[in-house]
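Dropping entry03.cif in here (mmCIF, C-alpha atoms):
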data_input
#
loop_
_atom_site.label_atom_id
_atom_site.label_comp_id
_atom_site.auth_asym_id
_atom_site.auth_seq_id
_atom_site.Cartn_x
_atom_site.Cartn_y
_atom_site.Cartn_z
CA MET U 7 -31.05 -16.46 -24.35
CA GLN U 8 -28.97 -18.98 -22.45
CA GLN U 9 -25.81 -17.63 -24.09
CA ASN U 10 -26.70 -14.06 -23.07
CA LYS U 11 -27.08 -15.20 -19.47
CA ALA U 12 -23.68 -16.90 -19.62
CA VAL U 13 -22.04 -13.75 -20.99
CA LEU U 14 -23.73 -11.60 -18.33
CA LEU U 15 -22.53 -14.00 -15.63
CA ALA U 16 -19.00 -13.81 -17.05
CA ILE U 17 -19.02 -9.99 -17.04
CA LEU U 18 -20.31 -9.90 -13.47
CA SER U 19 -17.63 -12.43 -12.48
CA VAL U 20 -14.84 -10.27 -13.91
CA LEU U 21 -16.14 -7.12 -12.23
CA LEU U 22 -16.55 -8.94 -8.91
CA ALA U 23 -13.05 -10.39 -9.25
CA MET U 24 -11.58 -6.90 -9.68
CA VAL U 25 -13.58 -5.61 -6.71
CA THR U 26 -12.35 -8.45 -4.48
CA ILE U 27 -8.73 -7.98 -5.58
CA GLN U 28 -8.74 -4.28 -4.77
CA SER U 29 -10.70 -4.85 -1.56
CA GLY U 30 -8.02 -7.36 -0.58
CA ALA U 31 -5.32 -4.77 -1.34
CA SER U 32 -7.15 -2.23 0.82
CA VAL U 33 -7.32 -4.70 3.72
CA ALA U 34 -3.65 -5.57 3.18
CA LYS U 35 -2.68 -1.91 3.42
CA GLN U 36 -4.28 -1.77 6.86
CA LEU U 37 -1.86 -4.51 7.98
CA PHE U 38 1.20 -2.50 6.95
CA PRO U 39 1.51 -0.58 10.26
CA VAL U 40 1.54 -3.91 12.15
CA ILE U 41 3.70 -6.26 10.07
CA GLY U 42 4.86 -4.08 7.17
CA PRO U 43 4.49 -4.68 3.42
CA ALA U 44 6.97 -7.59 3.39
CA GLY U 45 5.18 -9.38 6.23
CA THR U 46 1.79 -8.81 4.60
CA THR U 47 3.08 -10.16 1.29
CA ALA U 48 4.49 -13.23 3.02
CA LEU U 49 1.19 -14.08 4.67
CA ARG U 50 -0.84 -13.41 1.53
CA VAL U 51 1.35 -15.56 -0.67
CA GLY U 52 1.74 -18.28 1.96
CA PHE U 53 -1.97 -18.68 2.66
CA SER U 54 -2.78 -18.33 -1.06
CA ALA U 55 -0.41 -21.20 -1.84
CA ILE U 56 -2.13 -23.39 0.77
CA MET U 57 -5.60 -22.55 -0.59
CA LEU U 58 -4.55 -23.21 -4.18
CA TRP U 59 -2.95 -26.55 -3.27
CA LEU U 60 -6.13 -27.66 -1.52
CA VAL U 61 -8.28 -26.64 -4.51
CA PHE U 62 -6.15 -27.74 -7.49
CA ARG U 63 -4.02 -30.53 -5.92
CA PRO U 64 -0.95 -29.88 -8.11
CA TRP U 65 0.99 -32.85 -6.68
CA ARG U 66 -0.85 -34.99 -9.23
CA HIS U 67 0.83 -33.24 -12.18
CA LEU U 68 4.24 -32.02 -11.06
CA PRO U 69 6.66 -30.80 -13.80
CA LYS U 70 9.68 -32.91 -14.61
CA GLY U 71 13.29 -32.03 -15.30
CA ARG U 72 13.87 -28.78 -17.16
CA ASN U 73 10.17 -27.95 -17.12
CA TRP U 74 10.69 -26.69 -13.57
CA ARG U 75 12.72 -23.75 -14.92
CA ALA U 76 9.71 -22.01 -16.44
CA VAL U 77 7.67 -22.62 -13.28
CA ILE U 78 10.44 -21.25 -11.03
CA VAL U 79 10.93 -18.09 -13.12
CA TYR U 80 7.15 -17.64 -13.25
CA GLY U 81 6.97 -17.97 -9.46
CA ILE U 82 9.79 -15.46 -8.95
CA CYS U 83 7.98 -12.94 -11.16
CA LEU U 84 4.74 -13.60 -9.29
CA GLY U 85 6.41 -13.09 -5.92
CA GLY U 86 8.31 -10.00 -7.06
CA MET U 87 5.11 -8.49 -8.44
CA ASN U 88 3.31 -8.96 -5.11
CA LEU U 89 6.15 -7.70 -2.94
CA LEU U 90 7.00 -4.63 -5.02
CA PHE U 91 3.31 -3.70 -5.35
CA TYR U 92 2.74 -3.82 -1.59
CA LEU U 93 5.94 -1.85 -1.00
CA ALA U 94 4.67 0.70 -3.53
CA ILE U 95 1.17 1.20 -2.10
CA ALA U 96 2.71 1.68 1.34
CA ARG U 97 4.04 4.95 -0.14
CA ILE U 98 1.50 5.99 -2.79
CA PRO U 99 -2.31 5.72 -3.17
CA LEU U 100 -3.75 2.37 -4.25
CA GLY U 101 -5.32 3.62 -7.50
CA ILE U 102 -2.08 5.24 -8.66
CA GLY U 103 -0.10 2.14 -7.74
CA VAL U 104 -2.37 -0.08 -9.83
CA ALA U 105 -2.27 2.35 -12.77
CA LEU U 106 1.54 2.36 -12.76
CA GLU U 107 1.71 -1.41 -12.32
CA PHE U 108 -0.75 -1.85 -15.19
CA THR U 109 1.92 -0.52 -17.58
CA GLY U 110 3.54 -3.98 -17.41
CA PRO U 111 0.84 -5.97 -19.24
CA LEU U 112 0.13 -2.96 -21.42
CA ALA U 113 3.77 -2.94 -22.55
CA VAL U 114 3.59 -6.65 -23.37
CA ALA U 115 0.51 -6.07 -25.52
CA LEU U 116 1.94 -3.05 -27.30
CA PHE U 117 5.46 -4.33 -27.94
CA SER U 118 4.13 -7.59 -29.35
CA SER U 119 2.16 -5.65 -31.97
CA ARG U 120 3.37 -3.99 -35.17
CA ARG U 121 0.39 -1.72 -35.89
CA ARG U 122 0.92 2.01 -36.36
CA LEU U 123 -2.21 2.75 -34.37
CA ASP U 124 -0.45 1.35 -31.32
CA LEU U 125 1.75 4.45 -31.28
CA LEU U 126 -1.33 6.35 -30.12
CA TRP U 127 -1.89 3.95 -27.23
CA VAL U 128 1.80 4.19 -26.28
CA ALA U 129 1.46 7.97 -26.26
CA LEU U 130 -1.62 7.79 -24.03
CA ALA U 131 0.10 5.42 -21.60
CA LEU U 132 3.25 7.56 -21.47
CA GLY U 133 1.10 10.65 -20.92
CA GLY U 134 -0.55 8.97 -17.96
CA ILE U 135 2.80 7.93 -16.48
CA LEU U 136 4.25 11.42 -16.93
CA LEU U 137 1.27 12.91 -15.10
CA LEU U 138 1.89 10.50 -12.23
CA LEU U 139 5.62 11.12 -11.99
CA PRO U 140 6.39 12.94 -8.74
CA ASP U 141 6.87 16.70 -8.73
CA MET U 142 9.55 17.20 -6.13
CA ARG U 143 8.55 20.85 -5.73
CA GLY U 144 5.04 20.06 -4.51
CA VAL U 145 4.08 19.51 -0.88
CA ASP U 146 1.73 16.67 -1.83
CA ALA U 147 4.05 15.14 -4.42
CA LEU U 148 4.04 11.40 -4.91
CA ASP U 149 6.85 9.47 -3.26
CA PRO U 150 9.40 8.83 -6.06
CA VAL U 151 10.45 5.52 -4.47
CA GLY U 152 6.81 4.41 -4.45
CA VAL U 153 6.50 5.30 -8.13
CA MET U 154 9.62 3.30 -9.02
CA LEU U 155 8.44 0.32 -6.94
CA ALA U 156 5.07 0.34 -8.74
CA LEU U 157 6.82 0.43 -12.13
CA GLY U 158 9.04 -2.42 -10.94
CA ALA U 159 5.90 -4.38 -10.02
CA GLY U 160 4.67 -3.70 -13.56
CA ALA U 161 7.89 -5.13 -14.99
CA CYS U 162 7.40 -8.26 -12.87
CA TRP U 163 3.81 -8.45 -14.10
CA ALA U 164 5.10 -8.44 -17.67
CA GLY U 165 7.47 -11.30 -16.78
CA TYR U 166 4.59 -13.07 -15.04
CA ILE U 167 2.59 -12.96 -18.30
CA LEU U 168 5.45 -14.07 -20.56
CA PHE U 169 6.76 -16.88 -18.36
CA GLY U 170 3.27 -17.78 -17.19
CA GLN U 171 2.39 -18.66 -20.79
CA ARG U 172 5.35 -21.02 -20.97
CA ALA U 173 4.62 -22.58 -17.59
CA GLY U 174 0.92 -22.81 -18.42
CA ASN U 175 1.69 -25.08 -21.36
CA LEU U 176 2.97 -27.70 -18.91
CA ALA U 177 -0.26 -28.09 -16.91
CA SER U 178 -3.67 -26.54 -16.34
CA GLY U 179 -3.95 -22.90 -15.29
CA GLY U 180 -4.91 -23.70 -11.70
CA ILE U 181 -1.99 -26.09 -11.20
CA THR U 182 0.45 -23.59 -12.73
CA VAL U 183 -0.71 -20.81 -10.40
CA ALA U 184 -0.54 -23.13 -7.38
CA LEU U 185 3.05 -24.12 -8.20
CA GLY U 186 4.07 -20.54 -8.99
CA MET U 187 2.55 -19.29 -5.74
CA THR U 188 4.47 -22.01 -3.88
CA VAL U 189 7.75 -20.89 -5.45
CA ALA U 190 6.95 -17.31 -4.44
CA ALA U 191 6.15 -18.42 -0.88
CA CYS U 192 9.49 -20.22 -0.60
CA PHE U 193 11.42 -16.93 -0.75
CA LEU U 194 8.82 -14.42 0.45
CA VAL U 195 7.82 -16.14 3.70
CA PRO U 196 11.42 -16.11 5.07
CA ILE U 197 11.70 -12.42 4.09
CA GLY U 198 8.46 -11.71 5.93
CA VAL U 199 9.61 -13.58 9.04
CA VAL U 200 12.86 -11.60 9.14
CA SER U 201 11.02 -8.33 8.52
CA ALA U 202 8.06 -8.69 10.89
CA GLY U 203 9.31 -11.18 13.46
CA SER U 204 6.85 -12.74 15.90
CA ALA U 205 4.15 -10.19 14.97
CA LEU U 206 3.68 -12.17 11.77
CA PHE U 207 2.03 -14.98 13.73
CA SER U 208 -0.18 -12.86 15.95
CA TRP U 209 -3.78 -14.07 16.23
CA GLN U 210 -4.86 -10.50 15.55
CA VAL U 211 -3.09 -10.60 12.19
CA ILE U 212 -3.79 -14.14 10.93
CA PRO U 213 -7.57 -13.71 10.26
CA LEU U 214 -6.97 -10.53 8.24
CA ALA U 215 -4.13 -12.23 6.36
CA ILE U 216 -6.40 -15.15 5.44
CA ALA U 217 -9.00 -12.64 4.24
CA VAL U 218 -6.37 -10.91 2.10
CA ALA U 219 -5.27 -14.23 0.61
CA ALA U 220 -8.86 -15.20 -0.20
CA LEU U 221 -9.86 -11.80 -1.58
CA SER U 222 -6.66 -11.18 -3.54
CA SER U 223 -5.97 -14.67 -4.90
CA ALA U 224 -8.32 -17.60 -4.31
CA LEU U 225 -11.70 -15.92 -4.90
CA PRO U 226 -10.80 -13.65 -7.87
CA TYR U 227 -8.91 -16.44 -9.61
CA SER U 228 -11.97 -18.70 -9.34
CA LEU U 229 -14.21 -15.92 -10.64
CA GLU U 230 -11.88 -15.25 -13.56
CA MET U 231 -11.93 -18.94 -14.46
CA VAL U 232 -15.75 -18.72 -14.66
CA ALA U 233 -15.46 -15.63 -16.85
CA LEU U 234 -12.89 -17.09 -19.25
CA LYS U 235 -15.15 -20.06 -19.96
CA ASN U 236 -17.91 -17.80 -21.26
CA LEU U 237 -16.11 -14.71 -22.52
CA PRO U 238 -13.63 -14.13 -25.39
CA ALA U 239 -10.09 -13.26 -24.29
CA GLN U 240 -10.29 -9.82 -25.91
CA SER U 241 -13.52 -8.95 -24.08
CA PHE U 242 -11.96 -10.17 -20.86
CA SER U 243 -8.98 -7.85 -21.43
CA VAL U 244 -11.29 -4.89 -22.09
CA LEU U 245 -13.00 -5.39 -18.74
CA MET U 246 -9.66 -5.80 -16.94
CA SER U 247 -8.68 -2.37 -18.26
CA LEU U 248 -11.07 -0.87 -15.71
CA GLU U 249 -9.01 -2.17 -12.78
CA PRO U 250 -7.04 1.05 -12.07
CA ALA U 251 -10.31 2.97 -11.72
CA ILE U 252 -11.78 0.31 -9.43
CA ALA U 253 -8.58 0.42 -7.37
CA ALA U 254 -8.84 4.19 -7.04
CA LEU U 255 -12.47 3.86 -5.96
CA ALA U 256 -11.57 1.15 -3.41
CA GLY U 257 -8.80 3.36 -2.05
CA PHE U 258 -11.28 6.22 -1.65
CA LEU U 259 -14.03 4.13 -0.01
CA LEU U 260 -11.92 1.89 2.22
CA LEU U 261 -8.80 3.97 2.87
CA SER U 262 -10.06 7.55 2.37
CA GLU U 263 -7.40 8.14 -0.30
CA LEU U 264 -8.19 11.27 -2.28
CA LEU U 265 -6.74 11.80 -5.77
CA SER U 266 -6.22 15.08 -7.54
CA LEU U 267 -7.85 15.88 -10.88
CA SER U 268 -4.55 15.35 -12.71
CA GLN U 269 -4.08 11.95 -11.05
CA TRP U 270 -7.57 10.86 -12.09
CA LEU U 271 -6.77 12.06 -15.62
CA ALA U 272 -3.57 10.02 -15.60
CA ILE U 273 -5.47 6.89 -14.55
CA LEU U 274 -8.02 7.48 -17.32
CA LEU U 275 -5.20 7.84 -19.87
CA VAL U 276 -3.76 4.46 -18.85
CA ILE U 277 -7.23 2.90 -19.03
CA GLY U 278 -7.77 4.50 -22.45
CA ALA U 279 -4.47 3.12 -23.73
CA SER U 280 -5.36 -0.38 -22.55
CA LEU U 281 -8.89 -0.21 -23.95
CA GLY U 282 -7.69 1.20 -27.28
CA SER U 283 -4.98 -1.41 -27.68
CA THR U 284 -7.37 -4.24 -26.87
CA LEU U 285 -10.26 -3.03 -29.02
CA SER U 286 -8.09 -2.24 -32.06
CA GLY U 287 -6.51 -5.66 -31.76
CA GLN U 288 -9.96 -7.20 -31.61
CA ARG U 289 -11.07 -5.37 -34.74
CA LYS U 290 -7.99 -6.51 -36.61
CA ALA U 291 -8.54 -10.11 -35.52
CA ALA U 292 -12.12 -9.92 -36.81
CA VAL U 293 -10.95 -9.16 -40.37
CA PRO U 294 -10.52 -12.38 -42.38
CA ALA U 295 -7.04 -13.00 -43.71
CA GLU U 296 -6.68 -12.45 -47.43
#
Before anything else, please render the file you have as structure tokens.
Amino acid sequence: MQQNKAVLLAILSVLLAMVTIQSGASVAKQLFPVIGPAGTTALRVGFSAIMLWLVFRPWRHLPKGRNWRAVIVYGICLGGMNLLFYLAIARIPLGIGVALEFTGPLAVALFSSRRRLDLLWVALALGGILLLLPDMRGVDALDPVGVMLALGAGACWAGYILFGQRAGNLASGGITVALGMTVAACFLVPIGVVSAGSALFSWQVIPLAIAVAALSSALPYSLEMVALKNLPAQSFSVLMSLEPAIAALAGFLLLSELLSLSQWLAILLVIGASLGSTLSGQRKAAVPAE
């Protein structure tokens, strides 16, 4: 009974984490007309770094020597992922941006496997991407630059996963994220200052920026830590597969972003590919080795 409660709490934590992340992205998008995507990214990453340093106190376990390389590359991927994603959703709807970005971790999962069944999940993912590719003949076509930026964010997300694993071996997860976020802030904050100028430090902007940092980084990361303590990694991945749909719903509720039937189908194909890859991998792992 106690274990069932722990699992239920973990599932609720994951779902709430995804809701807060996409709510934070929706709030961030409302800052774009004032300070632009680069300025918004700078404030989010900067305030997130401060919050994470206060919570995890990474100065107690700083990397030494060559170990900094993995942390720096991880931080660059983290910063690039944030910046490219915000640049993307300034041009395309939030749900579509998340679906395209989600191809990054999906590619990592699929390319690291050698199962024939994964060809089906690759086909589903590619089908979803093809449906989302802009039709230049249509009046309501997606911005092709936005599509490419979202795919670029996905590539950075893949690098974030691969180099995050290496950096994570050097310290605890919280300390690694705090250091990576600091590396990202070191190059994103100057870019934001150049891009947005004095508007970046407006008292009308700062409270919203703190909310974005809390909703998009500090709060969901804490919730995911709760979930990972009580939920298998595979089950966690299955739940995370729902994020593009939650993003599309957040875009509709908070930003009035309407998606066409084909765009919803594309998002469902990406979700299906992620769910299928995760579940088939889980079934294989459950079979004892001969």
Shortest interatomic distance to Ala159 in chain U - which of U:Ala184, U:Cys83, U:Ala251, U:Met24, counting all atoms listed in the file
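Comparing U:Ala184, U:Cys83, U:Ala251, U:Met24 against Ala159 in chain U, the winner is U:Cys83.
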With the PyMOL selection byres ((chain U and resi 259) around 12) as the selection, what would be picked from this file? Answer as a compact mmCIF listing (two decimals) with C-alpha atoms, in the coordinates of the input, please.
# COMPACT_ATOMS: atom_id res chain seq x y z
CA VAL U 25 -13.58 -5.61 -6.71
CA GLN U 28 -8.74 -4.28 -4.77
CA SER U 29 -10.70 -4.85 -1.56
CA SER U 32 -7.15 -2.23 0.82
CA VAL U 33 -7.32 -4.70 3.72
CA LEU U 100 -3.75 2.37 -4.25
CA GLY U 101 -5.32 3.62 -7.50
CA ILE U 252 -11.78 0.31 -9.43
CA ALA U 253 -8.58 0.42 -7.37
CA ALA U 254 -8.84 4.19 -7.04
CA LEU U 255 -12.47 3.86 -5.96
CA ALA U 256 -11.57 1.15 -3.41
CA GLY U 257 -8.80 3.36 -2.05
CA PHE U 258 -11.28 6.22 -1.65
CA LEU U 260 -11.92 1.89 2.22
CA LEU U 261 -8.80 3.97 2.87
CA SER U 262 -10.06 7.55 2.37
CA GLU U 263 -7.40 8.14 -0.30
CA LEU U 264 -8.19 11.27 -2.28
Distance CA of Ile17 in chain U-CA of Gly180 in chain U, one decimal place?
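So the two atoms, CA of Ile17 in chain U and CA of Gly180 in chain U, lie 20.4 Å apart.
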Residues selected by the PyMOL selection byres ((chain U and resi 214) around 12), written as an MDAnalysis selection string
chainID U and resid 29:38 40:41 46 49:50 53 206:213 215:222
Would you compute the distance between CA of Ser223 in chain U and CA of Val183 in chain U? Give it in Å to one decimal.
9.8 Å
Taking the file as shown, what set of residues would the PyMOL selection byres ((chain U and resi 131) around 8) give back, as a compact mmCIF listing (two decimals) with C-alpha atoms, in the coordinates of the input?
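Listed below is the output, out-v6.txt:
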# COMPACT_ATOMS: atom_id res chain seq x y z
CA THR U 109 1.92 -0.52 -17.58
CA TRP U 127 -1.89 3.95 -27.23
CA VAL U 128 1.80 4.19 -26.28
CA ALA U 129 1.46 7.97 -26.26
CA LEU U 130 -1.62 7.79 -24.03
CA LEU U 132 3.25 7.56 -21.47
CA GLY U 133 1.10 10.65 -20.92
CA GLY U 134 -0.55 8.97 -17.96
CA ILE U 135 2.80 7.93 -16.48
CA LEU U 275 -5.20 7.84 -19.87
CA VAL U 276 -3.76 4.46 -18.85
CA GLY U 278 -7.77 4.50 -22.45
CA ALA U 279 -4.47 3.12 -23.73
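Considering the residues U:Leu137, U:Leu155, U:Ile181, U:Ala48 and counting only C-alpha atoms, Leu194 in chain U has its shortest atom-to-atom contact with U:Ala48.
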Extract, using only C-alpha atoms, all DNA, RNA and protein residues at most 12 Å from Phe62 in chain U, discarding same-chain residues fewer than 3 positions from it, and format them as a ChimeraX atom specification.
/U:54-59,65-68,177-185,224,227-228
Rank nothing, just name the residue among U:Gly45, U:Leu22, U:Leu93, U:Pro64 nearest to Ser204 in chain U, using all atoms listed in the file.
U:Gly45
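Straight-line separation from CA of Pro250 in chain U to CA of Gly85 in chain U: 20.5 Å.
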Surrounding residues of Asp149 in chain U excluding itself and chain neighbours under 3 positions, 7 Å, all atoms listed in the file, as a PyMOL selection string
chain U and resi 97-98+140+152-153
Find the residues around Pro111 in chain U up to 8 Å (all atoms listed in the file counted), leave out those fewer than 5 positions away in its own chain, and share them as a CSV table (one decimal) with C-alpha atoms, in the coordinates of the input.
chain,number,residue,atom,x,y,z
U,160,GLY,CA,4.7,-3.7,-13.6
U,163,TRP,CA,3.8,-8.4,-14.1
U,164,ALA,CA,5.1,-8.4,-17.7
U,167,ILE,CA,2.6,-13.0,-18.3
Using all atoms listed in the file, which of the listed residues (U:Leu265, U:Leu274, U:Leu229, U:Ala191) sits closest to Val20 in chain U?
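Among the listed residues, the smallest separation from Val20 in chain U belongs to U:Leu229.
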Compare U:Trp74, U:Phe108, U:Phe193, U:Tyr166 by their minimum atom-to-atom distance to Val51 in chain U, counting all atoms listed in the file, and give me the closest one.
U:Phe193
One residue among U:Gly86, U:Phe91, U:Pro39, U:Ala205 is nearest to Ala190 in chain U when using all atoms listed in the file, and that residue is U:Gly86
If we count all atoms listed in the file and set the cut-off at 7 Å, which residues sit around Gly103 in chain U, ignoring sequence neighbours fewer than 6 positions away in its own chain? Please answer as a short mmCIF file (atom, residue, chain, number, x, y, z; two decimals) with C-alpha atoms, keeping the file's coordinate frame.
data_model
loop_
_atom_site.label_atom_id
_atom_site.label_comp_id
_atom_site.auth_asym_id
_atom_site.auth_seq_id
_atom_site.Cartn_x
_atom_site.Cartn_y
_atom_site.Cartn_z
CA ALA U 94 4.67 0.70 -3.53
CA ILE U 95 1.17 1.20 -2.10
CA ALA U 156 5.07 0.34 -8.74
#
